[in-house]
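Reproduced below: final.cif, with mmCIF, C-alpha atoms and all ligand atoms.
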data_my_file
loop_
_atom_site.label_atom_id
_atom_site.label_comp_id
_atom_site.auth_asym_id
_atom_site.auth_seq_id
_atom_site.Cartn_x
_atom_site.Cartn_y
_atom_site.Cartn_z
CA MET U 4 114.99 133.56 104.50
CA HIS U 5 113.30 133.34 107.86
CA ARG U 6 109.54 133.42 107.68
CA THR U 7 107.09 134.15 110.44
CA HIS U 8 103.60 132.84 109.97
CA SER U 9 100.79 135.20 110.73
CA PRO U 10 97.17 135.12 109.65
CA ARG U 11 97.44 138.90 109.17
CA GLY U 12 98.41 138.15 105.61
CA LEU U 13 94.91 136.80 105.06
CA PHE U 14 92.80 138.98 107.28
CA ASP U 15 94.39 142.43 107.02
CA PRO U 16 93.33 144.18 103.78
CA TYR U 17 96.41 146.44 104.00
CA TYR U 18 98.92 143.64 104.45
CA VAL U 19 102.06 144.01 102.36
CA PRO U 20 104.12 140.85 101.79
CA GLU U 21 107.94 140.97 102.01
CA GLN U 22 108.04 140.65 98.24
CA ILE U 23 105.58 141.75 95.63
CA LEU U 24 105.71 139.32 92.74
CA PHE U 25 105.71 139.93 88.97
CA ARG U 26 105.45 143.71 89.24
CA ASP U 27 109.10 144.57 88.70
CA ARG U 28 108.50 146.48 85.50
CA GLU U 29 105.67 148.55 86.98
CA MET U 30 107.59 149.12 90.21
CA ASP U 31 110.63 150.31 88.22
CA THR U 32 108.46 152.68 86.19
CA ILE U 33 106.88 154.29 89.21
CA GLN U 34 110.19 154.46 91.04
CA ARG U 35 111.81 156.21 88.10
CA LEU U 36 108.98 158.74 87.89
CA TYR U 37 109.23 159.62 91.56
CA ARG U 38 113.03 159.68 91.49
CA ASP U 39 113.03 162.22 88.67
CA SER U 40 110.41 164.34 90.39
CA TYR U 41 112.22 164.07 93.70
CA GLU U 42 115.59 165.09 92.32
CA ASP U 43 114.31 167.90 90.16
CA GLU U 44 111.86 169.06 92.81
CA TYR U 45 108.57 169.03 91.01
CA GLY U 46 105.34 167.23 91.80
CA VAL U 47 104.17 164.23 89.81
CA ASN U 48 100.69 162.69 89.73
CA CYS U 49 100.15 159.15 88.68
CA LEU U 50 97.16 156.85 88.44
CA VAL U 51 97.44 153.14 89.17
CA HIS U 52 94.59 151.16 87.70
CA GLY U 53 93.40 147.61 87.04
CA ILE U 54 90.43 145.36 87.71
CA ALA U 55 89.28 145.07 91.30
CA GLY U 56 91.22 142.40 93.17
CA VAL U 57 94.24 142.42 90.85
CA GLY U 58 96.58 143.92 93.43
CA ARG U 59 96.31 147.71 93.15
CA THR U 60 96.27 148.35 96.89
CA VAL U 61 99.22 146.10 97.59
CA PHE U 62 101.17 147.67 94.72
CA SER U 63 100.68 151.24 95.95
CA ARG U 64 101.28 150.28 99.57
CA TYR U 65 104.42 148.37 98.70
CA PHE U 66 105.76 151.45 96.97
CA LEU U 67 104.74 153.71 99.84
CA THR U 68 105.88 151.56 102.76
CA LYS U 69 108.93 149.76 101.33
CA ILE U 70 110.35 151.74 98.40
CA VAL U 71 109.81 155.34 99.46
CA PRO U 72 111.40 155.03 102.94
CA ARG U 73 114.37 153.22 101.41
CA GLU U 74 114.90 155.45 98.38
CA PHE U 75 113.62 158.90 99.24
CA ASP U 76 113.59 161.14 102.26
CA ALA U 77 109.88 161.88 102.09
CA HIS U 78 106.72 161.82 104.16
CA THR U 79 104.07 159.31 103.16
CA VAL U 80 100.31 159.54 103.60
CA TYR U 81 97.88 156.77 102.62
CA VAL U 82 94.11 157.28 102.63
CA ASP U 83 91.61 154.64 101.59
CA ALA U 84 88.63 156.57 100.25
CA LYS U 85 86.34 153.57 100.05
CA TYR U 86 82.98 154.10 101.77
CA LYS U 87 84.11 157.49 103.07
CA ASP U 88 82.47 160.79 102.35
CA VAL U 89 84.46 163.79 101.25
CA LEU U 90 84.61 165.26 104.73
CA GLU U 91 86.03 162.06 106.16
CA ILE U 92 88.64 161.87 103.43
CA VAL U 93 89.84 165.42 103.94
CA SER U 94 89.95 165.10 107.69
CA GLU U 95 91.94 161.89 107.38
CA LEU U 96 94.36 163.64 105.04
CA ALA U 97 94.68 166.50 107.51
CA ASP U 98 95.15 164.19 110.50
CA LYS U 99 97.74 162.08 108.77
CA ILE U 100 99.87 164.89 107.39
CA ARG U 101 99.86 166.57 110.80
CA SER U 102 100.83 163.39 112.50
CA VAL U 103 103.76 162.57 110.17
CA THR U 104 104.99 166.16 110.37
CA ASN U 105 104.35 166.60 114.08
CA GLN U 106 102.05 169.55 113.69
CA PRO U 107 99.38 170.29 116.28
CA ILE U 108 95.94 168.78 115.78
CA THR U 109 93.07 171.15 115.12
CA VAL U 110 89.42 170.34 114.77
CA ALA U 111 86.94 171.46 112.14
CA PHE U 112 83.66 170.22 110.77
CA ASP U 113 83.44 172.41 107.72
CA LEU U 114 84.87 171.12 104.46
CA ASP U 115 86.45 174.40 103.37
CA VAL U 116 88.01 174.99 106.76
CA LEU U 117 89.29 171.43 106.86
CA TRP U 118 90.78 171.74 103.41
CA MET U 119 92.50 175.01 104.36
CA GLN U 120 93.98 173.36 107.41
CA PHE U 121 95.14 170.40 105.39
CA LYS U 122 96.63 172.66 102.75
CA ARG U 123 98.52 174.66 105.36
CA ALA U 124 99.88 171.52 107.00
CA ALA U 125 100.86 169.96 103.66
CA THR U 126 102.57 173.17 102.50
CA HIS U 127 104.60 173.43 105.69
CA ALA U 128 105.67 169.81 105.79
CA PRO U 129 109.45 169.79 106.34
CA LYS U 130 109.95 167.08 103.69
CA ARG U 131 108.22 166.47 100.40
CA THR U 132 105.24 164.18 100.62
CA VAL U 133 103.87 161.24 98.63
CA PHE U 134 100.11 160.90 98.96
CA VAL U 135 98.20 157.78 98.00
CA ILE U 136 94.44 157.97 97.59
CA ASP U 137 93.11 154.44 97.20
CA ASN U 138 89.73 153.65 95.63
CA ILE U 139 89.01 156.86 93.76
CA ASP U 140 85.55 156.84 92.22
CA GLU U 141 82.91 159.27 91.01
CA ALA U 142 81.93 160.17 94.56
CA ASN U 143 85.39 161.35 95.59
CA GLU U 144 87.20 162.21 92.37
CA ASP U 145 86.95 165.94 93.09
CA ILE U 146 89.07 165.55 96.18
CA TYR U 147 91.71 163.65 94.26
CA LEU U 148 91.65 166.36 91.64
CA LYS U 149 92.11 169.04 94.26
CA LEU U 150 94.94 167.14 95.88
CA ALA U 151 96.64 166.58 92.54
CA ARG U 152 96.47 170.29 91.80
CA LEU U 153 97.77 171.22 95.23
CA SER U 154 100.62 168.76 94.92
CA LYS U 155 101.86 170.58 91.85
CA GLU U 156 101.94 173.84 93.81
CA ILE U 157 103.81 172.41 96.75
CA ASN U 158 106.01 169.91 94.83
CA ALA U 159 104.41 166.92 96.47
CA SER U 160 103.42 163.78 94.59
CA THR U 161 100.27 161.72 94.44
CA ILE U 162 99.28 158.23 93.46
CA GLY U 163 95.61 157.69 92.75
CA VAL U 164 94.33 154.13 92.76
CA LEU U 165 91.18 153.13 90.92
CA ASN U 166 89.59 150.52 88.70
CA SER U 167 90.22 150.62 84.97
CA HIS U 168 86.65 151.51 84.15
CA ASP U 169 86.72 154.59 86.39
CA TYR U 170 90.16 155.40 85.05
CA ARG U 171 88.81 155.68 81.52
CA LEU U 172 85.87 157.77 82.64
CA LEU U 173 87.99 160.09 84.73
CA THR U 174 90.73 160.71 82.21
CA ARG U 175 88.18 161.65 79.62
CA ALA U 176 87.53 164.86 81.55
CA PRO U 177 90.00 167.56 80.49
CA GLN U 178 90.78 168.74 84.01
CA MET U 179 91.66 165.16 84.91
CA GLN U 180 94.13 164.82 82.07
CA MET U 181 95.95 167.72 83.64
CA SER U 182 96.27 166.02 86.96
CA CYS U 183 97.40 162.67 85.65
CA ASP U 184 101.00 162.78 84.45
CA PHE U 185 101.36 159.01 84.15
CA GLU U 186 99.30 155.88 84.30
CA VAL U 187 100.48 152.55 85.65
CA PRO U 188 98.11 149.85 84.36
CA LEU U 189 98.24 146.60 86.31
CA ASP U 190 97.59 143.50 84.22
CA THR U 191 96.06 140.26 85.40
CA TYR U 192 98.36 137.34 86.09
CA THR U 193 98.93 134.10 84.21
CA GLN U 194 98.07 130.80 85.86
CA SER U 195 101.65 130.17 86.93
CA GLN U 196 102.09 133.70 88.29
CA LEU U 197 98.88 133.44 90.28
CA TYR U 198 100.06 130.08 91.56
CA ALA U 199 103.29 131.65 92.84
CA ILE U 200 101.36 134.44 94.58
CA VAL U 201 99.05 131.98 96.31
CA ARG U 202 102.02 129.76 97.23
CA GLN U 203 103.82 132.74 98.75
CA ARG U 204 100.78 133.68 100.83
CA VAL U 205 100.37 130.11 102.06
CA GLU U 206 103.99 130.11 103.19
CA ASP U 207 103.51 133.43 104.96
CA THR U 208 100.32 132.49 106.75
CA PHE U 209 99.77 128.72 107.14
CA PRO U 210 101.96 127.32 109.91
CA LEU U 211 101.45 123.77 108.63
CA GLY U 212 101.38 124.62 104.95
CA LEU U 213 98.83 123.30 102.47
CA PRO U 214 99.07 120.35 100.08
CA GLU U 215 100.41 121.32 96.66
CA ASP U 216 97.24 120.16 94.92
CA VAL U 217 95.06 122.39 97.09
CA VAL U 218 97.06 125.45 96.06
CA ARG U 219 96.93 124.31 92.45
CA TYR U 220 93.20 123.66 92.59
CA ILE U 221 92.46 127.12 94.03
CA THR U 222 94.64 128.67 91.32
CA ASP U 223 92.92 126.71 88.56
CA LEU U 224 89.47 127.67 89.79
CA VAL U 225 90.30 131.37 90.11
CA CYS U 226 91.95 131.42 86.68
CA GLU U 227 89.06 129.66 85.00
CA PHE U 228 86.17 131.36 86.79
CA ASP U 229 87.39 134.69 88.16
CA ALA U 230 89.81 136.39 85.75
CA SER U 231 92.85 135.34 87.82
CA ARG U 232 92.16 137.79 90.64
CA PRO U 233 94.57 137.12 93.50
CA LYS U 234 92.02 138.61 95.86
CA THR U 235 89.65 135.70 95.25
CA SER U 236 92.45 133.21 95.93
CA ILE U 237 93.34 134.94 99.18
CA GLU U 238 89.66 134.84 100.17
CA ALA U 239 89.62 131.10 99.57
CA LEU U 240 92.73 130.72 101.72
CA LYS U 241 91.03 132.77 104.42
CA ALA U 242 88.16 130.28 104.46
CA LEU U 243 90.58 127.34 104.74
CA TRP U 244 92.83 128.87 107.37
CA PRO U 245 90.86 128.01 110.54
CA MET U 246 90.62 124.35 109.53
CA ALA U 247 94.18 124.04 108.30
CA SER U 248 95.68 125.69 111.37
CA SER U 249 93.75 123.39 113.68
CA GLY U 250 95.31 120.45 111.86
CA GLN U 251 92.25 119.36 109.91
CA GLU U 252 92.92 117.90 106.51
CA ILE U 253 91.79 120.03 103.59
CA ASP U 254 90.05 117.90 100.96
CA SER U 255 88.63 118.76 97.58
CA ASP U 256 85.13 119.28 99.02
CA THR U 257 86.50 121.96 101.33
CA VAL U 258 88.21 123.79 98.48
CA ARG U 259 85.03 123.65 96.40
CA ALA U 260 83.08 125.12 99.31
CA ALA U 261 85.68 127.89 99.75
CA THR U 262 85.43 128.90 96.09
CA SER U 263 81.73 128.31 95.54
CA ARG U 264 81.10 132.04 95.13
CA ILE U 265 82.86 132.07 91.76
CA THR U 266 81.65 128.72 90.48
CA SER U 267 78.05 129.03 91.65
CA ALA U 268 76.79 130.29 88.30
CA PHE U 269 78.13 127.12 86.71
CA LEU U 270 76.95 124.93 89.54
CA ASP U 271 73.41 126.13 89.07
CA GLN U 272 73.09 124.05 85.96
CA ASP U 273 71.16 120.82 86.18
CA TYR U 274 73.91 118.22 86.01
CA PHE U 275 71.47 115.42 85.53
CA GLU U 276 70.19 117.04 82.43
CA THR U 277 73.64 117.91 81.05
CA VAL U 278 74.99 114.45 81.70
CA GLN U 279 71.92 112.95 80.09
CA THR U 280 72.41 115.05 76.98
CA VAL U 281 76.10 114.23 76.78
CA GLY U 282 75.51 110.58 77.49
CA LEU U 283 72.61 110.08 75.17
CA ASN U 284 73.61 107.00 73.21
CA ASN U 285 77.14 107.59 74.38
CA PHE U 286 77.90 104.79 76.73
CA THR U 287 81.66 105.39 76.70
CA THR U 288 81.43 109.00 77.87
CA LEU U 289 79.23 107.98 80.77
CA LEU U 290 81.68 105.29 81.68
CA VAL U 291 84.62 107.69 81.61
CA LEU U 292 82.78 110.17 83.79
CA GLU U 293 81.80 107.43 86.20
CA ALA U 294 85.36 106.12 86.49
CA LEU U 295 86.73 109.62 87.04
CA THR U 296 84.21 110.66 89.66
CA GLU U 297 84.32 107.37 91.52
CA HIS U 298 88.02 107.91 92.00
CA LEU U 299 87.47 111.43 93.34
CA ILE U 300 84.77 110.16 95.71
CA HIS U 301 87.12 107.51 97.02
CA TYR U 302 90.12 109.76 97.43
CA LYS U 303 88.81 112.99 98.85
CA ASN U 304 92.19 114.59 99.15
CA GLU U 305 92.99 113.98 95.54
CA THR U 306 91.84 116.87 93.47
CA TYR U 307 92.98 115.91 90.01
CA VAL U 308 92.85 112.75 87.95
CA ASP U 309 95.76 112.32 85.57
CA ARG U 310 94.79 111.27 82.05
CA ARG U 311 96.95 108.16 82.29
CA LEU U 312 95.44 107.14 85.58
CA LEU U 313 92.02 107.69 84.06
CA GLU U 314 92.82 105.24 81.27
CA ASP U 315 93.61 102.61 83.90
CA LEU U 316 90.48 103.42 85.86
CA VAL U 317 88.36 103.07 82.74
CA GLU U 318 90.00 99.74 81.95
CA VAL U 319 89.14 98.44 85.42
CA LYS U 320 85.62 99.76 85.05
CA CYS U 321 85.14 97.95 81.75
CA GLU U 322 86.33 94.69 83.26
CA GLU U 323 84.05 95.17 86.23
CA LEU U 324 81.05 95.65 83.95
CA GLY U 325 82.11 92.93 81.56
CA VAL U 326 82.15 95.20 78.54
CA ARG U 327 84.88 95.44 75.89
CA SER U 328 87.73 97.73 76.81
CA MET U 329 87.97 101.16 75.28
CA THR U 330 90.71 102.48 73.03
CA ARG U 331 92.77 105.45 74.07
CA GLU U 332 91.12 107.46 71.31
CA GLU U 333 87.63 106.63 72.54
CA ILE U 334 88.59 107.72 76.02
CA GLU U 335 90.10 110.94 74.70
CA ASN U 336 86.98 111.71 72.67
CA SER U 337 84.86 111.20 75.75
CA ILE U 338 87.10 113.51 77.79
CA GLN U 339 86.86 116.13 75.06
CA SER U 340 83.07 116.05 75.06
CA LEU U 341 83.00 116.31 78.87
CA ILE U 342 85.35 119.29 78.67
CA PHE U 343 83.25 120.83 75.95
CA GLN U 344 80.17 120.62 78.17
CA SER U 345 82.02 122.16 81.15
CA ILE U 346 81.59 119.02 83.22
CA VAL U 347 85.33 118.30 83.33
CA PHE U 348 88.17 120.86 83.21
CA GLU U 349 91.85 120.74 82.30
CA SER U 350 94.32 122.19 84.77
CA GLY U 351 96.15 125.30 83.56
CA TYR U 352 99.19 123.76 85.22
CA SER U 353 99.16 120.63 83.06
CA LYS U 354 96.72 119.49 80.40
CA ASP U 355 97.07 115.97 81.77
CA LEU U 356 95.38 116.88 85.01
CA LEU U 357 91.59 116.84 84.97
CA TYR U 358 89.28 118.23 87.62
CA VAL U 359 85.59 118.89 88.26
CA ILE U 360 83.82 121.74 90.02
CA ALA U 361 80.55 119.97 90.87
CA PRO U 362 80.50 117.48 93.75
CA PRO U 363 81.74 114.21 92.19
CA GLU U 364 78.85 112.40 93.92
CA VAL U 365 76.33 114.37 91.88
CA LEU U 366 78.13 113.73 88.61
CA CYS U 367 78.66 110.07 89.40
CA ASP U 368 74.99 109.57 90.24
CA ALA U 369 73.92 111.20 87.01
CA ALA U 370 76.38 109.19 84.91
CA ARG U 371 75.52 105.93 86.58
CA SER U 372 71.76 106.26 86.30
CA MET U 373 72.01 107.34 82.68
CA ARG U 374 74.29 104.40 81.90
CA ARG U 375 71.81 101.99 83.48
CA GLU U 376 68.99 103.53 81.53
CA LEU U 377 70.90 103.06 78.28
CA ALA U 378 71.59 99.44 79.22
CA ARG U 379 67.90 98.82 79.89
CA ARG U 380 66.88 100.30 76.57
CA LYS U 381 69.10 97.95 74.63
N1 LIG U 401 102.00 140.83 92.80
C1 LIG U 401 101.55 140.39 93.98
N2 LIG U 401 102.38 139.81 94.87
C2 LIG U 401 101.92 139.38 96.05
N3 LIG U 401 100.66 139.51 96.47
C3 LIG U 401 99.76 140.08 95.63
C4 LIG U 401 100.17 140.55 94.35
N4 LIG U 401 99.11 141.07 93.72
C5 LIG U 401 98.07 140.93 94.55
N5 LIG U 401 98.45 140.34 95.70
C6 LIG U 401 97.57 140.03 96.83
O1 LIG U 401 96.25 139.83 96.33
C7 LIG U 401 95.28 140.36 97.21
C8 LIG U 401 94.41 141.38 96.50
O2 LIG U 401 95.17 142.52 96.20
P1 LIG U 401 94.66 144.02 96.48
O3 LIG U 401 95.85 144.89 96.39
O4 LIG U 401 93.85 144.08 97.72
O5 LIG U 401 93.72 144.18 95.20
P2 LIG U 401 92.92 145.49 94.70
O6 LIG U 401 93.32 146.63 95.57
O7 LIG U 401 93.34 145.65 93.28
O8 LIG U 401 91.46 145.13 94.82
C9 LIG U 401 96.06 140.95 98.36
O9 LIG U 401 96.12 140.00 99.42
C10 LIG U 401 97.42 141.19 97.78
O10 LIG U 401 98.43 141.21 98.76
MG MG U 402 92.19 147.78 96.84
#
Please go through the file and, once you have read it, give me the structure as structure tokens.
Amino acid sequence: MHRTHSPRGLFDPYYVPEQILFRDREMDTIQRLYRDSYEDEYGVNCLVHGIAGVGRTVFSRYFLTKIVPREFDAHTVYVDAKYKDVLEIVSELADKIRSVTNQPITVAFDLDVLWMQFKRAATHAPKRTVFVIDNIDEANEDIYLKLARLSKEINASTIGVLNSHDYRLLTRAPQMQMSCDFEVPLDTYTQSQLYAIVRQRVEDTFPLGLPEDVVRYITDLVCEFDASRPKTSIEALKALWPMASSGQEIDSDTVRAATSRITSAFLDQDYFETVQTVGLNNFTTLLVLEALTEHLIHYKNETYVDRRLLEDLVEVKCEELGVRSMTREEIENSIQSLIFQSIVFESGYSKDLLYVIAPPEVLCDAARSMRRELARRK
């Protein structure tokens, strides 16, 4: 398939990719609901919910902009309610329905008048309409409610989009139960699904691509530290885009900087102290950490250290220091204790790939000085 690269896919919050991934089941469900309602000429109201950043907007917009025009002969109206007051929402609804139905524009500044105008325009629309209200919350739920009720009268359909917490609050109210015929919950993705989503977006937006390990590293970090939200991955890509498109090499430092928002809570810890605690009387663990981080310092565009490579690195390190070499089991125990202390992490892609989130320089310094201290004490 021919691809055109455009940074829109990173910078436009309403961007819809050619393909939406891993939502076939949900897309089928919603399509079936609207097909039944379309054929039997009744209105259907449905709420799409999930955690923020999971892909609710793209799901509803994919349905509205790709499925509806292909499958149904209907008007579509999308309104993002975020940061808008009720008056703004209703006037946007009125403007949009008039514009898709070619009805004359009128002006009003009073909520009731505006709503009446909207209602008239929606009722007289030549085709049936699918409305999407994105980002429903406590401040604007009444408007959604009103729209859902109206849609039943005029055989239109609505999709409300909100976070799962608000969904539970809203559907507790009896009048809300009435205006929600179906829910479409959107689950978070697995590591490999998130990887595919990030990969797809890189292909759509980075003219020169990105190294595989960079995509993997972003995916690992977002899975481990941010509940696998694709939004956070896309934000990281956004930060890398200017550098990558000007031909600069993206190294592991750059990726860490681009994802520091989600790892910062972990990075706040005092690594010197943690490493000291881990390394107390544990020479081998310090040595393993030193070998691992030295490698990452040397090879900035390598993000992971394979367990087998690490064994070799440790062997070299032991020779260098003139100490007896370590057994595989000793090395593995050291890795386990580093993982346990959240100093080292295993890739969700492969358990053999190890990575860090703190600058390797910091970790290496801490390990080295602690190792020297232990040596002095002997
Ligand atoms: N299944 C998916 N396939 C492709 N891209 C996705 C998918 N899910 C989410 N995304 C992308 O992740 C980002 C965040 O999604 P968005 O719909 O804005 O989240 P939400 O509205 O839930 O906060 C967007 O760039 C979106 O295109
Ligand atoms: Mg959204």
Exercise answer, 7 Å around ligand LIG 401 (chain U) with only C-alpha atoms and all ligand atoms, as a list in words: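 These are the residues that qualify: Gly12, Leu13, Pro16, Tyr18, Val19, Pro20, Gln22, Ile23, Leu24, Phe25, Arg26, Gly53, Ile54, Ala55, Gly56, Val57, Gly58, Arg59, Thr60, Val61, Phe62, Ile200, Pro233, Lys234 and Ile237 of chain U.
If you look at CA of Leu270 in chain U and CA of Ile360 in chain U, they are 7.6 Å away from each other.
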Spatial neighbours of Glu186 in chain U, max dist 7 Å, all atoms listed in the file, sep filter under 6 positions, as a list in words: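 In the requested form, the answer reads Cys49, Leu50 and Val51 of chain U.
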Those same residues - C-alpha atoms - I'd like them written as a PDB file, keeping the file's coordinate frame.
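For reference, again-v1.pdb as written:
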ATOM      1  CA  CYS U  49     100.150 159.150  88.680  1.00  0.00           C
ATOM      2  CA  LEU U  50      97.160 156.850  88.440  1.00  0.00           C
ATOM      3  CA  VAL U  51      97.440 153.140  89.170  1.00  0.00           C
TER       4      VAL U  51
END
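Using all atoms listed in the file, the shortest contact distance between ligand MG 402 (chain U) and any of U:Cys226, U:Val164, U:Ala142, U:Leu377 is found at U:Val164.
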Residue nearest Ala242 in chain U among U:His127, U:Arg310, U:Arg259, U:Lys122 (counting only C-alpha atoms):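 Selected residue with least distance to Ala242 in chain U: U:Arg259.
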Polymer residues at most 12 Å from Thr222 in chain U, all atoms listed in the file, same-chain spacing of 3 or more positions, as a count of residues only: 38
